[in-house]
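Okay, query-v9.pdb is below, PDB, C-alpha atoms:
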ATOM      1  CA  MET A 259      -9.474 -12.538 -48.258  1.00  0.00           C
ATOM      2  CA  SER A 260      -5.920 -11.229 -47.808  1.00  0.00           C
ATOM      3  CA  ALA A 261      -3.040 -13.628 -47.179  1.00  0.00           C
ATOM      4  CA  LYS A 262      -2.652 -12.331 -43.612  1.00  0.00           C
ATOM      5  CA  ARG A 263      -6.354 -12.846 -42.923  1.00  0.00           C
ATOM      6  CA  TYR A 264      -6.218 -16.357 -44.408  1.00  0.00           C
ATOM      7  CA  ILE A 265      -3.317 -17.230 -42.090  1.00  0.00           C
ATOM      8  CA  ASP A 266      -5.224 -15.764 -39.119  1.00  0.00           C
ATOM      9  CA  VAL A 267      -8.326 -17.856 -39.835  1.00  0.00           C
ATOM     10  CA  ALA A 268      -6.363 -21.067 -40.410  1.00  0.00           C
ATOM     11  CA  THR A 269      -4.228 -20.541 -37.291  1.00  0.00           C
ATOM     12  CA  ALA A 270      -7.166 -19.645 -35.043  1.00  0.00           C
ATOM     13  CA  MET A 271      -9.250 -22.581 -36.265  1.00  0.00           C
ATOM     14  CA  PHE A 272      -6.380 -25.037 -35.796  1.00  0.00           C
ATOM     15  CA  ALA A 273      -5.557 -23.659 -32.336  1.00  0.00           C
ATOM     16  CA  LEU A 274      -9.192 -23.759 -31.189  1.00  0.00           C
ATOM     17  CA  ILE A 275      -9.492 -27.398 -32.231  1.00  0.00           C
ATOM     18  CA  ILE A 276      -6.220 -28.442 -30.578  1.00  0.00           C
ATOM     19  CA  LEU A 277      -6.767 -26.402 -27.428  1.00  0.00           C
ATOM     20  CA  SER A 278     -10.488 -27.102 -26.964  1.00  0.00           C
ATOM     21  CA  PRO A 279      -9.936 -29.753 -24.231  1.00  0.00           C
ATOM     22  CA  ILE A 280      -7.733 -27.314 -22.275  1.00  0.00           C
ATOM     23  CA  MET A 281     -10.259 -24.519 -22.740  1.00  0.00           C
ATOM     24  CA  ALA A 282     -13.051 -26.774 -21.502  1.00  0.00           C
ATOM     25  CA  LEU A 283     -11.075 -27.602 -18.357  1.00  0.00           C
ATOM     26  CA  ILE A 284     -10.309 -23.924 -17.746  1.00  0.00           C
ATOM     27  CA  ALA A 285     -13.988 -23.045 -18.193  1.00  0.00           C
ATOM     28  CA  LEU A 286     -14.949 -25.654 -15.587  1.00  0.00           C
ATOM     29  CA  ALA A 287     -12.273 -24.334 -13.223  1.00  0.00           C
ATOM     30  CA  VAL A 288     -13.448 -20.725 -13.650  1.00  0.00           C
ATOM     31  CA  ARG A 289     -17.029 -21.817 -12.978  1.00  0.00           C
ATOM     32  CA  SER A 290     -15.881 -23.637  -9.833  1.00  0.00           C
ATOM     33  CA  GLN A 291     -13.572 -20.903  -8.520  1.00  0.00           C
ATOM     34  CA  LEU A 292     -15.381 -17.727  -9.588  1.00  0.00           C
ATOM     35  CA  GLY A 293     -18.900 -18.762 -10.545  1.00  0.00           C
ATOM     36  CA  SER A 294     -20.722 -17.263 -13.517  1.00  0.00           C
ATOM     37  CA  PRO A 295     -20.093 -15.759 -15.947  1.00  0.00           C
ATOM     38  CA  ILE A 296     -17.144 -17.801 -17.166  1.00  0.00           C
ATOM     39  CA  PHE A 297     -16.104 -15.222 -19.745  1.00  0.00           C
ATOM     40  CA  PHE A 298     -15.054 -11.612 -19.336  1.00  0.00           C
ATOM     41  CA  ARG A 299     -16.401  -9.465 -22.167  1.00  0.00           C
ATOM     42  CA  GLN A 300     -15.476  -5.872 -22.774  1.00  0.00           C
ATOM     43  CA  PRO A 301     -15.847  -3.465 -25.719  1.00  0.00           C
ATOM     44  CA  ARG A 302     -12.530  -2.628 -27.370  1.00  0.00           C
ATOM     45  CA  PRO A 303     -11.653  -0.587 -30.461  1.00  0.00           C
ATOM     46  CA  GLY A 304     -10.422  -2.606 -33.424  1.00  0.00           C
ATOM     47  CA  GLN A 305      -9.285  -1.671 -36.914  1.00  0.00           C
ATOM     48  CA  ASP A 306     -10.430   1.852 -37.870  1.00  0.00           C
ATOM     49  CA  GLU A 307     -11.638   2.172 -34.254  1.00  0.00           C
ATOM     50  CA  GLN A 308     -14.623  -0.113 -34.878  1.00  0.00           C
ATOM     51  CA  ILE A 309     -15.850  -1.425 -31.526  1.00  0.00           C
ATOM     52  CA  PHE A 310     -16.034  -5.167 -30.844  1.00  0.00           C
ATOM     53  CA  GLN A 311     -16.496  -7.371 -27.772  1.00  0.00           C
ATOM     54  CA  LEU A 312     -13.205  -8.816 -26.541  1.00  0.00           C
ATOM     55  CA  VAL A 313     -13.604 -12.217 -24.861  1.00  0.00           C
ATOM     56  CA  LYS A 314     -11.326 -13.697 -22.187  1.00  0.00           C
ATOM     57  CA  PHE A 315     -11.659 -16.121 -19.312  1.00  0.00           C
ATOM     58  CA  ARG A 316     -12.640 -14.253 -16.141  1.00  0.00           C
ATOM     59  CA  THR A 317      -9.861 -13.897 -13.549  1.00  0.00           C
ATOM     60  CA  MET A 318     -11.349 -11.456 -11.007  1.00  0.00           C
ATOM     61  CA  ARG A 319     -14.191 -11.324  -8.556  1.00  0.00           C
ATOM     62  CA  PRO A 320     -17.035  -9.014  -9.633  1.00  0.00           C
ATOM     63  CA  VAL A 321     -17.180  -5.388  -8.522  1.00  0.00           C
ATOM     64  CA  GLY A 322     -20.280  -4.138  -6.742  1.00  0.00           C
ATOM     65  CA  PRO A 323     -22.184  -3.992  -3.455  1.00  0.00           C
ATOM     66  CA  ASP A 324     -23.429  -7.581  -3.785  1.00  0.00           C
ATOM     67  CA  ASP A 325     -19.936  -9.033  -4.037  1.00  0.00           C
ATOM     68  CA  ARG A 326     -16.850  -6.821  -3.708  1.00  0.00           C
ATOM     69  CA  PRO A 327     -16.528  -3.105  -2.836  1.00  0.00           C
ATOM     70  CA  GLU A 328     -16.371  -0.838  -5.860  1.00  0.00           C
ATOM     71  CA  SER A 329     -13.244   0.802  -4.407  1.00  0.00           C
ATOM     72  CA  GLU A 330     -11.338  -2.492  -4.347  1.00  0.00           C
ATOM     73  CA  SER A 331      -8.236  -2.617  -6.564  1.00  0.00           C
ATOM     74  CA  ASP A 332      -7.480  -5.174  -9.269  1.00  0.00           C
ATOM     75  CA  ALA A 333      -4.794  -6.633  -7.002  1.00  0.00           C
ATOM     76  CA  ASP A 334      -7.455  -7.248  -4.316  1.00  0.00           C
ATOM     77  CA  ARG A 335     -10.045  -8.625  -6.740  1.00  0.00           C
ATOM     78  CA  ILE A 336      -7.852 -11.129  -8.538  1.00  0.00           C
ATOM     79  CA  THR A 337      -7.859 -14.628  -7.067  1.00  0.00           C
ATOM     80  CA  PRO A 338      -4.849 -16.989  -6.832  1.00  0.00           C
ATOM     81  CA  PHE A 339      -6.452 -19.032  -9.597  1.00  0.00           C
ATOM     82  CA  GLY A 340      -6.962 -15.908 -11.695  1.00  0.00           C
ATOM     83  CA  ALA A 341      -3.353 -14.873 -11.109  1.00  0.00           C
ATOM     84  CA  LEU A 342      -2.239 -18.278 -12.367  1.00  0.00           C
ATOM     85  CA  LEU A 343      -4.319 -17.893 -15.527  1.00  0.00           C
ATOM     86  CA  ARG A 344      -2.797 -14.469 -16.152  1.00  0.00           C
ATOM     87  CA  SER A 345       0.776 -15.555 -15.452  1.00  0.00           C
ATOM     88  CA  THR A 346       0.404 -18.287 -18.079  1.00  0.00           C
ATOM     89  CA  SER A 347      -1.716 -16.087 -20.424  1.00  0.00           C
ATOM     90  CA  LEU A 348      -4.286 -18.901 -20.533  1.00  0.00           C
ATOM     91  CA  ASP A 349      -7.012 -16.330 -19.846  1.00  0.00           C
ATOM     92  CA  GLU A 350      -6.330 -15.051 -23.384  1.00  0.00           C
ATOM     93  CA  LEU A 351      -7.301 -18.271 -25.190  1.00  0.00           C
ATOM     94  CA  PRO A 352     -10.921 -17.192 -25.927  1.00  0.00           C
ATOM     95  CA  THR A 353      -9.567 -14.265 -27.961  1.00  0.00           C
ATOM     96  CA  LEU A 354      -8.944 -16.842 -30.687  1.00  0.00           C
ATOM     97  CA  TRP A 355     -12.700 -16.562 -31.310  1.00  0.00           C
ATOM     98  CA  ASN A 356     -12.186 -12.846 -31.913  1.00  0.00           C
ATOM     99  CA  VAL A 357      -9.533 -13.740 -34.489  1.00  0.00           C
ATOM    100  CA  LEU A 358     -11.841 -16.216 -36.185  1.00  0.00           C
ATOM    101  CA  ARG A 359     -14.646 -13.629 -36.291  1.00  0.00           C
ATOM    102  CA  GLY A 360     -12.369 -11.052 -37.890  1.00  0.00           C
ATOM    103  CA  ASP A 361     -12.249  -8.681 -34.912  1.00  0.00           C
ATOM    104  CA  MET A 362      -8.561  -9.380 -34.348  1.00  0.00           C
ATOM    105  CA  SER A 363      -5.428 -10.787 -35.929  1.00  0.00           C
ATOM    106  CA  ILE A 364      -2.899 -13.187 -34.415  1.00  0.00           C
ATOM    107  CA  VAL A 365      -0.299 -10.373 -34.509  1.00  0.00           C
ATOM    108  CA  GLY A 366      -1.021  -6.672 -34.130  1.00  0.00           C
ATOM    109  CA  PRO A 367      -1.294  -3.917 -31.505  1.00  0.00           C
ATOM    110  CA  ARG A 368      -3.171  -5.162 -28.459  1.00  0.00           C
ATOM    111  CA  PRO A 369      -6.758  -3.821 -28.240  1.00  0.00           C
ATOM    112  CA  LEU A 370      -6.979  -1.321 -25.386  1.00  0.00           C
ATOM    113  CA  LEU A 371      -9.899   0.404 -23.679  1.00  0.00           C
ATOM    114  CA  VAL A 372     -12.480   2.446 -25.556  1.00  0.00           C
ATOM    115  CA  SER A 373     -11.995   5.234 -23.007  1.00  0.00           C
ATOM    116  CA  TYR A 374      -8.420   5.689 -24.244  1.00  0.00           C
ATOM    117  CA  LEU A 375      -9.477   6.748 -27.752  1.00  0.00           C
ATOM    118  CA  ASP A 376      -9.653  10.448 -26.883  1.00  0.00           C
ATOM    119  CA  ARG A 377      -6.346  10.310 -25.001  1.00  0.00           C
ATOM    120  CA  TYR A 378      -4.070   9.346 -27.890  1.00  0.00           C
ATOM    121  CA  THR A 379      -2.010  11.771 -29.910  1.00  0.00           C
ATOM    122  CA  PRO A 380      -2.771  11.644 -33.655  1.00  0.00           C
ATOM    123  CA  GLU A 381       0.363   9.533 -34.149  1.00  0.00           C
ATOM    124  CA  GLN A 382      -0.615   7.080 -31.400  1.00  0.00           C
ATOM    125  CA  ARG A 383      -4.091   6.658 -32.919  1.00  0.00           C
ATOM    126  CA  ARG A 384      -2.431   5.163 -35.997  1.00  0.00           C
ATOM    127  CA  ARG A 385      -2.214   1.907 -34.030  1.00  0.00           C
ATOM    128  CA  HIS A 386      -5.812   1.347 -35.195  1.00  0.00           C
ATOM    129  CA  GLU A 387      -4.897   1.270 -38.882  1.00  0.00           C
ATOM    130  CA  VAL A 388      -4.574  -2.530 -38.627  1.00  0.00           C
ATOM    131  CA  ARG A 389      -6.501  -5.240 -36.792  1.00  0.00           C
ATOM    132  CA  PRO A 390      -5.494  -5.562 -33.127  1.00  0.00           C
ATOM    133  CA  GLY A 391      -3.587  -8.705 -32.221  1.00  0.00           C
ATOM    134  CA  VAL A 392      -3.479 -11.496 -29.679  1.00  0.00           C
ATOM    135  CA  THR A 393       0.216 -10.668 -29.445  1.00  0.00           C
ATOM    136  CA  GLY A 394       2.277  -7.838 -30.843  1.00  0.00           C
ATOM    137  CA  LEU A 395       5.586  -6.045 -31.032  1.00  0.00           C
ATOM    138  CA  ALA A 396       5.050  -4.273 -27.706  1.00  0.00           C
ATOM    139  CA  GLN A 397       4.260  -7.589 -25.996  1.00  0.00           C
ATOM    140  CA  VAL A 398       7.564  -9.185 -27.051  1.00  0.00           C
ATOM    141  CA  SER A 399       9.518  -6.015 -26.276  1.00  0.00           C
ATOM    142  CA  GLY A 400       8.640  -5.771 -22.606  1.00  0.00           C
ATOM    143  CA  ARG A 401       4.846  -6.040 -22.415  1.00  0.00           C
ATOM    144  CA  ASN A 402       3.584  -4.393 -19.203  1.00  0.00           C
ATOM    145  CA  ALA A 403       7.143  -3.565 -18.103  1.00  0.00           C
ATOM    146  CA  LEU A 404       7.126  -0.830 -20.767  1.00  0.00           C
ATOM    147  CA  THR A 405       5.877   2.714 -20.231  1.00  0.00           C
ATOM    148  CA  TRP A 406       2.807   3.769 -22.180  1.00  0.00           C
ATOM    149  CA  PRO A 407       4.741   5.987 -24.626  1.00  0.00           C
ATOM    150  CA  GLU A 408       7.171   3.127 -25.312  1.00  0.00           C
ATOM    151  CA  LYS A 409       4.346   0.664 -25.876  1.00  0.00           C
ATOM    152  CA  LEU A 410       2.351   2.954 -28.181  1.00  0.00           C
ATOM    153  CA  ASN A 411       5.450   3.885 -30.176  1.00  0.00           C
ATOM    154  CA  LEU A 412       6.078   0.175 -30.767  1.00  0.00           C
ATOM    155  CA  ASP A 413       2.465  -0.267 -31.903  1.00  0.00           C
ATOM    156  CA  VAL A 414       2.911   2.434 -34.539  1.00  0.00           C
ATOM    157  CA  GLU A 415       6.279   0.957 -35.519  1.00  0.00           C
ATOM    158  CA  TYR A 416       4.498  -2.349 -36.150  1.00  0.00           C
ATOM    159  CA  VAL A 417       1.870  -0.619 -38.322  1.00  0.00           C
ATOM    160  CA  ASP A 418       4.616   0.964 -40.409  1.00  0.00           C
ATOM    161  CA  ASN A 419       6.512  -2.309 -40.896  1.00  0.00           C
ATOM    162  CA  VAL A 420       3.919  -5.098 -41.178  1.00  0.00           C
ATOM    163  CA  SER A 421       5.414  -8.193 -42.818  1.00  0.00           C
ATOM    164  CA  PHE A 422       5.039 -11.969 -42.703  1.00  0.00           C
ATOM    165  CA  SER A 423       8.625 -12.376 -41.504  1.00  0.00           C
ATOM    166  CA  GLY A 424       8.012  -9.814 -38.770  1.00  0.00           C
ATOM    167  CA  ASP A 425       4.807 -11.542 -37.669  1.00  0.00           C
ATOM    168  CA  PHE A 426       6.585 -14.905 -37.591  1.00  0.00           C
ATOM    169  CA  ALA A 427       9.372 -13.441 -35.427  1.00  0.00           C
ATOM    170  CA  ILE A 428       6.824 -11.937 -33.017  1.00  0.00           C
ATOM    171  CA  VAL A 429       4.979 -15.253 -32.674  1.00  0.00           C
ATOM    172  CA  ALA A 430       8.274 -17.079 -32.031  1.00  0.00           C
ATOM    173  CA  LYS A 431       9.277 -14.528 -29.368  1.00  0.00           C
ATOM    174  CA  THR A 432       5.801 -14.766 -27.816  1.00  0.00           C
ATOM    175  CA  ILE A 433       6.229 -18.516 -27.331  1.00  0.00           C
ATOM    176  CA  GLY A 434       9.585 -17.946 -25.657  1.00  0.00           C
ATOM    177  CA  GLN A 435       8.114 -15.248 -23.444  1.00  0.00           C
ATOM    178  CA  TRP A 436       5.197 -17.501 -22.514  1.00  0.00           C
ATOM    179  CA  LEU A 437       7.567 -20.267 -21.435  1.00  0.00           C
ATOM    180  CA  GLN A 438       9.428 -17.813 -19.189  1.00  0.00           C
ATOM    181  CA  ARG A 439       6.265 -15.989 -17.947  1.00  0.00           C
ATOM    182  CA  LYS A 440       8.011 -12.647 -18.422  1.00  0.00           C
ATOM    183  CA  ASP A 441       6.587  -9.094 -18.074  1.00  0.00           C
ATOM    184  CA  ILE A 442       3.004 -10.100 -17.294  1.00  0.00           C
ATOM    185  CA  THR A 443       2.490  -7.255 -14.816  1.00  0.00           C
ATOM    186  CA  ASP A 444       3.903  -3.791 -14.340  1.00  0.00           C
ATOM    187  CA  SER A 445       5.776  -2.647 -11.239  1.00  0.00           C
ATOM    188  CA  ASN A 446       2.609  -1.311  -9.579  1.00  0.00           C
ATOM    189  CA  GLY A 447       0.165  -4.182  -9.704  1.00  0.00           C
ATOM    190  CA  VAL A 448      -1.386  -7.063 -11.568  1.00  0.00           C
ATOM    191  CA  THR A 449      -2.160  -5.087 -14.721  1.00  0.00           C
ATOM    192  CA  MET A 450      -0.772  -2.122 -16.620  1.00  0.00           C
ATOM    193  CA  ALA A 451      -1.493   1.234 -14.990  1.00  0.00           C
ATOM    194  CA  GLU A 452      -4.228   3.309 -16.627  1.00  0.00           C
ATOM    195  CA  PHE A 453      -3.258   5.368 -19.665  1.00  0.00           C
ATOM    196  CA  PHE A 454      -4.160   9.025 -19.113  1.00  0.00           C
ATOM    197  CA  GLY A 455      -2.842  10.253 -22.436  1.00  0.00           C
ATOM    198  CA  ASP A 456      -0.251  12.448 -24.001  1.00  0.00           C
ATOM    199  CA  ALA A 457      -2.653  14.429 -26.214  1.00  0.00           C
ATOM    200  CA  LYS A 458      -2.564  18.185 -25.692  1.00  0.00           C
TER     201      LYS A 458
END
Take the structure in this file and express it as structure tokens.
Amino acid sequence: MSAKRYIDVATAMFALIILSPIMALIALAVRSQLGSPIFFRQPRPGQDEQIFQLVKFRTMRPVGPDDRPESESDADRITPFGALLRSTSLDELPTLWNVLRGDMSIVGPRPLLVSYLDRYTPEQRRRHEVRPGVTGLAQVSGRNALTWPEKLNLDVEYVDNVSFSGDFAIVAKTIGQWLQRKDITDSNGVTMAEFFGDAK
């Protein structure tokens, strides 16, 4: 086990133990406000583009004829409770399980959608040379306020300059950002606009 992986496992295990009462309360609140399932699961590409199931707390109403119209936007589907979870990033806490399992790291490029894989330039695809992270350089440099090219360039910059001191600085900045609730959404809605790609 590498030193970075050892730190990831120890940090995730410690955080899950300390935060388990909060996670239990959030799970009960999600069940009360949104029903089942409590968790949102979605395939994402990890290191070397290996697919894994990302886990978060659910923040939106389901899409479909039995609940909400399929044409409804994310902004319409998200509930006030879900918006609160997102603004505090508490919906991300279950991703600590992904870290513990080895799908993710504490720090690294955020795992994006599988459908984006064919839209990256060869340089942008280098973001998958390391494990994706709970937080990363792009997240502390503007998060969803950044354009896609800016964000992906920062991901590759992280890959090229991985270091313990850099990871520590990113975690410290993440805590400061969390306290200020900065850059959670982009200018167009509750989440980052879809990435359509720069590949020619």
Against region 293-317 of chain A, which residues of region 386-437 of chain A fall within 12 Å? For each one I want the closest pair of atoms and the distance in Å (one decimal), counting all atoms listed in the file, rows by chain and increasing residue number, as a Markdown table.
| residue | atom | partner | partner_atom | distance |
| --- | --- | --- | --- | --- |
| A:His386 | CA | A:Gln305 | CA | 4.9 |
| A:Glu387 | CA | A:Gln305 | CA | 5.6 |
| A:Val388 | CA | A:Gln305 | CA | 5.1 |
| A:Arg389 | CA | A:Gln305 | CA | 4.5 |
| A:Pro390 | CA | A:Gly304 | CA | 5.8 |
| A:Gly391 | CA | A:Gly304 | CA | 9.2 |
| A:Val392 | CA | A:Leu312 | CA | 10.6 |
| A:Val417 | CA | A:Gln305 | CA | 11.3 |
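Reported to one decimal place, the separation of CA of Ile276 (chain A) from CA of Leu371 (chain A) is 29.9 Å.
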Rank A:Glu381, A:Asp418, A:Asp361, A:Glu452 by their smallest atom-to-atom distance to Trp406 (chain A), using all atoms listed in the file, and report the top residue only.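 Closest to Trp406 (chain A), using all atoms listed in the file: A:Glu452.
CA of Gly400 (chain A) is found 18.7 Å from CA of Asn419 (chain A).
Taking CA of Lys262 (chain A) and CA of Val420 (chain A) as the two end points, the separation is 10.1 Å.
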Among listed residues A:Leu354, A:Ala341, A:Ile336, A:Met362, nearest Ser278 (chain A) (using only C-alpha atoms): A:Leu354
All residues 10 Å or closer to Phe454 (chain A), all atoms listed in the file, same chain fewer than 5 positions away omitted, as JSON, numbers by chain: {"A": [373, 374, 376, 377, 378, 406]}
The PyMOL selection byres ((chain A and resi 396) around 9) on the file shown: which residues, as a PyMOL selection string? chain A and resi 367-368+393-395+397-402+404+408-413+416
Nearest candidate to Thr432 (chain A) (options A:Val365, A:Arg263, A:Val357, A:Ala282; using all atoms listed in the file):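 Comparing A:Val365, A:Arg263, A:Val357, A:Ala282 against Thr432 (chain A), the winner is A:Val365.
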Residue nearest Phe453 (chain A) - candidates A:Thr405, A:Gln438, A:Thr346, A:Ser423, atoms counted: only C-alpha atoms: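 Selected residue with least distance to Phe453 (chain A): A:Thr405.
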Selected residue, from A:Asp425, A:Leu286, A:Ala261, A:Pro279, that lies nearest to Ile364 (chain A) when counting only C-alpha atoms: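 Of all the options, A:Asp425 lies closest to Ile364 (chain A).
Shortest atom-to-atom contact with Ile275 (chain A) among A:Leu437, A:Leu351, A:Val414, A:Leu370: A:Leu351, counting all atoms listed in the file.
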